[in-house]
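See below for the structure under consideration.
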Amino acid sequence: MTKIKRFSHSGLYDPFKSIIKIMFICGLDITIVSGIKNIKSSSGFKFIYQKFVAKIWMIFIFYTIGSIVTVDIFAINLESVNRKIARRSVDIAAFLIWSIMNVKRNDLFILLQEVQNLLNMKNKEIPKVWILTGTVIILMVPFTAWMTMTVPFQDEIDCKLIVKYYSFGFDYVKDGNNCYVLVILTFFQKFSVYTLRTAVTVNYIIICLSLRNVLKTHSELGAKMVADPITKVDYAIFKTYLQTHDRIESVLKSFEKTMSLPIFLIASSDFMSVMNGFARMDSINNLPGYKLHIAKFATTVIFISLRGIVSFLCISLAASDVYEASKYARDVQKDMLKRILRSEEKIDIRELVYLSMLHNTPPFILSAWGVFNFTKGLFLSAFGSILTYSLLIMHILK
């Protein structure tokens, strides 16, 4: 008996609801789609809330730019300008991700529907553990980032220095209250920077794994037909098989078009965070005057670096799995084509041209805005570049 998938009021399957709610809190409401008339999604509260959060994001980016100019670039300290910009790239990327995802929210809504339709067609569903784990990660990443900036700093002097950094170098807080203000400031800063980007990352990985499963299920069906000598494989059956594959590939293209730019921003900022972390940790041993200052931020630096490595690794592996599944699908199609050509079935010349074009079509590969493609070897190449950069910095400092 086929399971009936339950859909929410917005037309999306229930497992997506928790992630969609988190994105809504961060100012990204994908349920507001033209052609969808719904009382809940068009309520006055949601509209006012989204406008309010949009203003918060605008204040956030102006504050970030102002702090980069006044505190980071023109401040006289031992950090280079490039390292300062790399450190603030996460903040800038957070705003850009919010802006781009708001422009693409209609496309994201349609994409999630198309993914769910493919899963229904193959009688598959998204495992609940994926959604549960993803939701926990989305909440834990900003919480951990917040804790790394509050727990190590319990001294009033240290708190005062950090609060002054967030206040453009001015001292607005009374002595004795700086640590309380630091807790509040870092809470909003870390949750605004990390929550939405983590939600987009988790959503991207879940879609990758779902499309990989759909491709594998469809390819296994074709492989069984090829392996069974009794099963008839003619052009009509092959054409129907290809039509289903074309539908899957159409969703993959929509996925690439919708998510390639946001995932490029996430992956590139993760890459810069890791390089910045390596450079900062190396500064502890090579710059004596800088050692005490950096050592206090060791927990934060380690967290940022590890988060960047894990995030980039998960994105690369999930996206490369789609490429591997697409390669397997092409291999199965070629085996089916060989079986048809070996048979005595007569094929029209136009059909033969179509099959020939199919034979030369490369597997589908996801990319980060076309800048780099996600394959199995990408992570090793990226990690090698980070090590090379770190060794170069160490050599220069020594």
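Residues in the structure tokens are numbered from 1 in each chain, the chains being A, B, ... in the order shown, and ligands are numbered from 1 in the order shown.
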
Do a neighbour search on Asp175 in chain A at 9 Å with only C-alpha atoms, toss out local chain neighbours closer than 2 positions, and write the hits as a list in words.
Glu156, Lys160, Val173, Asn177 and Asn178 of chain A

Skipping near chain neighbours, those fewer than 2 positions away, what residues fall within 8 Å of range 188-200 of chain A using only C-alpha atoms, listed as a list of chain:residue names?
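Final neighbour list, sorted by chain and number: A:Ile19, A:Ile22, A:Met23, A:Cys26, A:Val90, A:Asp91, A:Ala94, A:Phe95, A:Ile97, A:Trp98, A:Gly134, A:Thr135, A:Ile137, A:Ile138, A:Leu139, A:Val141, A:Pro142, A:Phe143, A:Ala145, A:Trp146, A:Ile184, A:Leu185, A:Thr186, A:Val202, A:Asn203, A:Tyr204, A:Ile266.
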
Excluding Thr217 in chain A and residues on its chain fewer than 5 positions from it, collect all residues at most 9 Å away from it, counting only C-alpha atoms, and give them as number ranges by chain.
A: 122, 212, 222

Can you write out the residues you just picked, keeping C-alpha atoms, as a PDB file, in the first residue's frame?
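File part08.pdb, as written:
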```pdb
ATOM      1  CA  LYS A 122       9.742   6.821  -6.435  1.00  0.00           C
ATOM      2  CA  ARG A 212      20.971  11.334  -5.002  1.00  0.00           C
ATOM      3  CA  GLY A 222      17.359   0.242 -15.192  1.00  0.00           C
TER       4      GLY A 222
END
```

Phe264 in chain A environment, 9 Å, only C-alpha atoms, sequence neighbours closer than 6 positions dropped, as a PyMOL selection string
chain A and resi 367-372

Just to be explicit: take each residue in the selection above, keep N, CA and C atoms, and write the result as a tab-separated table (two decimals), in the first residue's frame.
```tsv
chain	number	residue	atom	x	y	z
A	367	SER	N	27.76	22.78	-8.99
A	367	SER	CA	28.89	23.71	-8.86
A	367	SER	C	28.54	24.83	-7.89
A	368	ALA	N	29.57	25.56	-7.50
A	368	ALA	CA	29.39	26.75	-6.67
A	368	ALA	C	29.45	27.96	-7.59
A	369	TRP	N	28.30	28.28	-8.21
A	369	TRP	CA	28.17	29.42	-9.12
A	369	TRP	C	29.10	29.30	-10.33
A	370	GLY	N	29.46	28.08	-10.68
A	370	GLY	CA	30.35	27.86	-11.81
A	370	GLY	C	31.81	28.11	-11.52
A	371	VAL	N	32.15	28.54	-10.30
A	371	VAL	CA	33.54	28.84	-9.96
A	371	VAL	C	34.33	27.54	-9.78
A	372	PHE	N	33.73	26.57	-9.08
A	372	PHE	CA	34.35	25.25	-8.96
A	372	PHE	C	33.24	24.20	-8.87
```

Show which residues sit within 10 Å of range 52-57 of chain A, as an mmCIF file with N, CA, C and O atoms, in the first residue's frame. Count only C-alpha atoms, and ignore same-chain residues fewer than 2 positions away.
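Output file part.cif follows:
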```
data_model
loop_
_atom_site.group_PDB
_atom_site.id
_atom_site.type_symbol
_atom_site.label_atom_id
_atom_site.label_comp_id
_atom_site.auth_asym_id
_atom_site.auth_seq_id
_atom_site.Cartn_x
_atom_site.Cartn_y
_atom_site.Cartn_z
ATOM 1 N N PHE A 24 12.238 31.456 8.486
ATOM 2 C CA PHE A 24 11.274 32.546 8.668
ATOM 3 C C PHE A 24 11.709 33.476 9.796
ATOM 4 O O PHE A 24 11.647 34.705 9.669
ATOM 5 N N ILE A 25 12.157 32.899 10.908
ATOM 6 C CA ILE A 25 12.618 33.702 12.040
ATOM 7 C C ILE A 25 13.794 34.581 11.631
ATOM 8 O O ILE A 25 13.936 35.715 12.102
ATOM 9 N N CYS A 26 14.630 34.071 10.726
ATOM 10 C CA CYS A 26 15.807 34.818 10.260
ATOM 11 C C CYS A 26 15.477 35.824 9.163
ATOM 12 O O CYS A 26 16.374 36.498 8.659
ATOM 13 N N GLY A 27 14.194 35.907 8.766
ATOM 14 C CA GLY A 27 13.806 36.905 7.774
ATOM 15 C C GLY A 27 13.646 36.375 6.372
ATOM 16 O O GLY A 27 13.622 37.161 5.415
ATOM 17 N N LEU A 28 13.521 35.043 6.225
ATOM 18 C CA LEU A 28 13.332 34.438 4.911
ATOM 19 C C LEU A 28 12.047 33.615 4.933
ATOM 20 O O LEU A 28 12.020 32.504 5.454
ATOM 21 N N LYS A 46 2.909 38.265 9.914
ATOM 22 C CA LYS A 46 4.054 37.781 9.149
ATOM 23 C C LYS A 46 4.649 38.894 8.288
ATOM 24 O O LYS A 46 5.870 39.024 8.183
ATOM 25 N N PHE A 47 3.770 39.686 7.682
ATOM 26 C CA PHE A 47 4.234 40.774 6.826
ATOM 27 C C PHE A 47 5.027 41.796 7.638
ATOM 28 O O PHE A 47 6.122 42.210 7.246
ATOM 29 N N ILE A 48 4.472 42.200 8.788
ATOM 30 C CA ILE A 48 5.142 43.182 9.641
ATOM 31 C C ILE A 48 6.452 42.634 10.175
ATOM 32 O O ILE A 48 7.483 43.331 10.215
ATOM 33 N N TYR A 49 6.440 41.342 10.566
ATOM 34 C CA TYR A 49 7.653 40.731 11.112
ATOM 35 C C TYR A 49 8.760 40.684 10.067
ATOM 36 O O TYR A 49 9.924 40.995 10.364
ATOM 37 N N GLN A 50 8.416 40.298 8.846
ATOM 38 C CA GLN A 50 9.425 40.224 7.795
ATOM 39 C C GLN A 50 9.991 41.603 7.471
ATOM 40 O O GLN A 50 11.194 41.738 7.203
ATOM 41 N N ILE A 59 20.396 47.352 9.012
ATOM 42 C CA ILE A 59 21.198 47.954 10.075
ATOM 43 C C ILE A 59 22.466 47.133 10.300
ATOM 44 O O ILE A 59 23.559 47.675 10.502
ATOM 45 N N PHE A 60 22.317 45.810 10.249
ATOM 46 C CA PHE A 60 23.440 44.914 10.475
ATOM 47 C C PHE A 60 24.549 45.126 9.441
ATOM 48 O O PHE A 60 25.736 45.209 9.799
ATOM 49 N N ILE A 61 24.190 45.235 8.163
ATOM 50 C CA ILE A 61 25.227 45.375 7.135
ATOM 51 C C ILE A 61 25.884 46.755 7.194
ATOM 52 O O ILE A 61 27.101 46.879 7.014
ATOM 53 N N PHE A 62 25.094 47.807 7.495
ATOM 54 C CA PHE A 62 25.695 49.137 7.635
ATOM 55 C C PHE A 62 26.626 49.181 8.848
ATOM 56 O O PHE A 62 27.699 49.799 8.807
ATOM 57 N N TYR A 63 26.211 48.522 9.917
ATOM 58 C CA TYR A 63 27.066 48.454 11.110
ATOM 59 C C TYR A 63 28.351 47.688 10.802
ATOM 60 O O TYR A 63 29.455 48.103 11.212
ATOM 61 N N ALA A 94 26.802 36.554 5.432
ATOM 62 C CA ALA A 94 25.485 36.333 6.041
ATOM 63 C C ALA A 94 24.438 37.267 5.436
ATOM 64 O O ALA A 94 23.323 36.840 5.103
ATOM 65 N N PHE A 95 24.799 38.537 5.268
ATOM 66 C CA PHE A 95 23.856 39.492 4.672
ATOM 67 C C PHE A 95 23.597 39.170 3.209
ATOM 68 O O PHE A 95 22.450 39.224 2.741
ATOM 69 N N LEU A 96 24.639 38.827 2.462
ATOM 70 C CA LEU A 96 24.463 38.503 1.052
ATOM 71 C C LEU A 96 23.600 37.265 0.871
ATOM 72 O O LEU A 96 22.765 37.203 -0.041
ATOM 73 N N TRP A 98 21.229 36.224 2.914
ATOM 74 C CA TRP A 98 19.838 36.638 3.185
ATOM 75 C C TRP A 98 19.249 37.387 1.993
ATOM 76 O O TRP A 98 18.117 37.121 1.588
ATOM 77 N N SER A 99 20.013 38.293 1.408
ATOM 78 C CA SER A 99 19.525 39.088 0.276
ATOM 79 C C SER A 99 19.215 38.200 -0.930
ATOM 80 O O SER A 99 18.145 38.304 -1.547
ATOM 81 N N ASN A 102 16.229 35.822 -0.414
ATOM 82 C CA ASN A 102 14.945 36.519 -0.504
ATOM 83 C C ASN A 102 14.540 36.736 -1.957
ATOM 84 O O ASN A 102 13.361 36.648 -2.292
ATOM 85 N N SER A 192 22.543 35.980 14.313
ATOM 86 C CA SER A 192 22.230 36.568 13.010
ATOM 87 C C SER A 192 23.207 36.101 11.943
ATOM 88 O O SER A 192 22.825 35.908 10.782
#
```

Between CA of Asp234 in chain A and CA of Asp348 in chain A, what is the distance, to one decimal in Å?
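Going from CA of Asp234 in chain A over to CA of Asp348 in chain A covers 12.8 Å.
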
What lies within 9 Å of Ala86 in chain A using only C-alpha atoms, ignoring chain neighbours under 5 positions off, as number ranges by chain?
A: 81, 269, 272-273, 275-276

With distances taken over only C-alpha atoms, which of A:Ser254, A:Ser343, A:Ser381, A:Ser167 is nearest to Ile68 in chain A?
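Going through A:Ser254, A:Ser343, A:Ser381, A:Ser167 one by one, the smallest distance to Ile68 in chain A is for A:Ser167.
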
Any idea what's packed within 8 Å of range 317-326 of chain A, counting only C-alpha atoms, ignoring anything in its chain fewer than 3 positions away? Could you give it as JSON, numbers by chain?
{"A": [205, 208, 209, 211, 212, 215, 216, 313, 314, 329, 330, 363, 364, 365, 366, 374, 375, 376]}

What are the DSSP alpha helix (DSSP H) residues of range 82-207 of chain A, as a PyMOL selection string?
chain A and resi 82-103+105-121+128-148+156-166+178-207

What does the distance from CA of Lys338 in chain A to CA of Tyr235 in chain A come to in Å, to one decimal?
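Answer for the CA of Lys338 in chain A to CA of Tyr235 in chain A separation: 11.3 Å.
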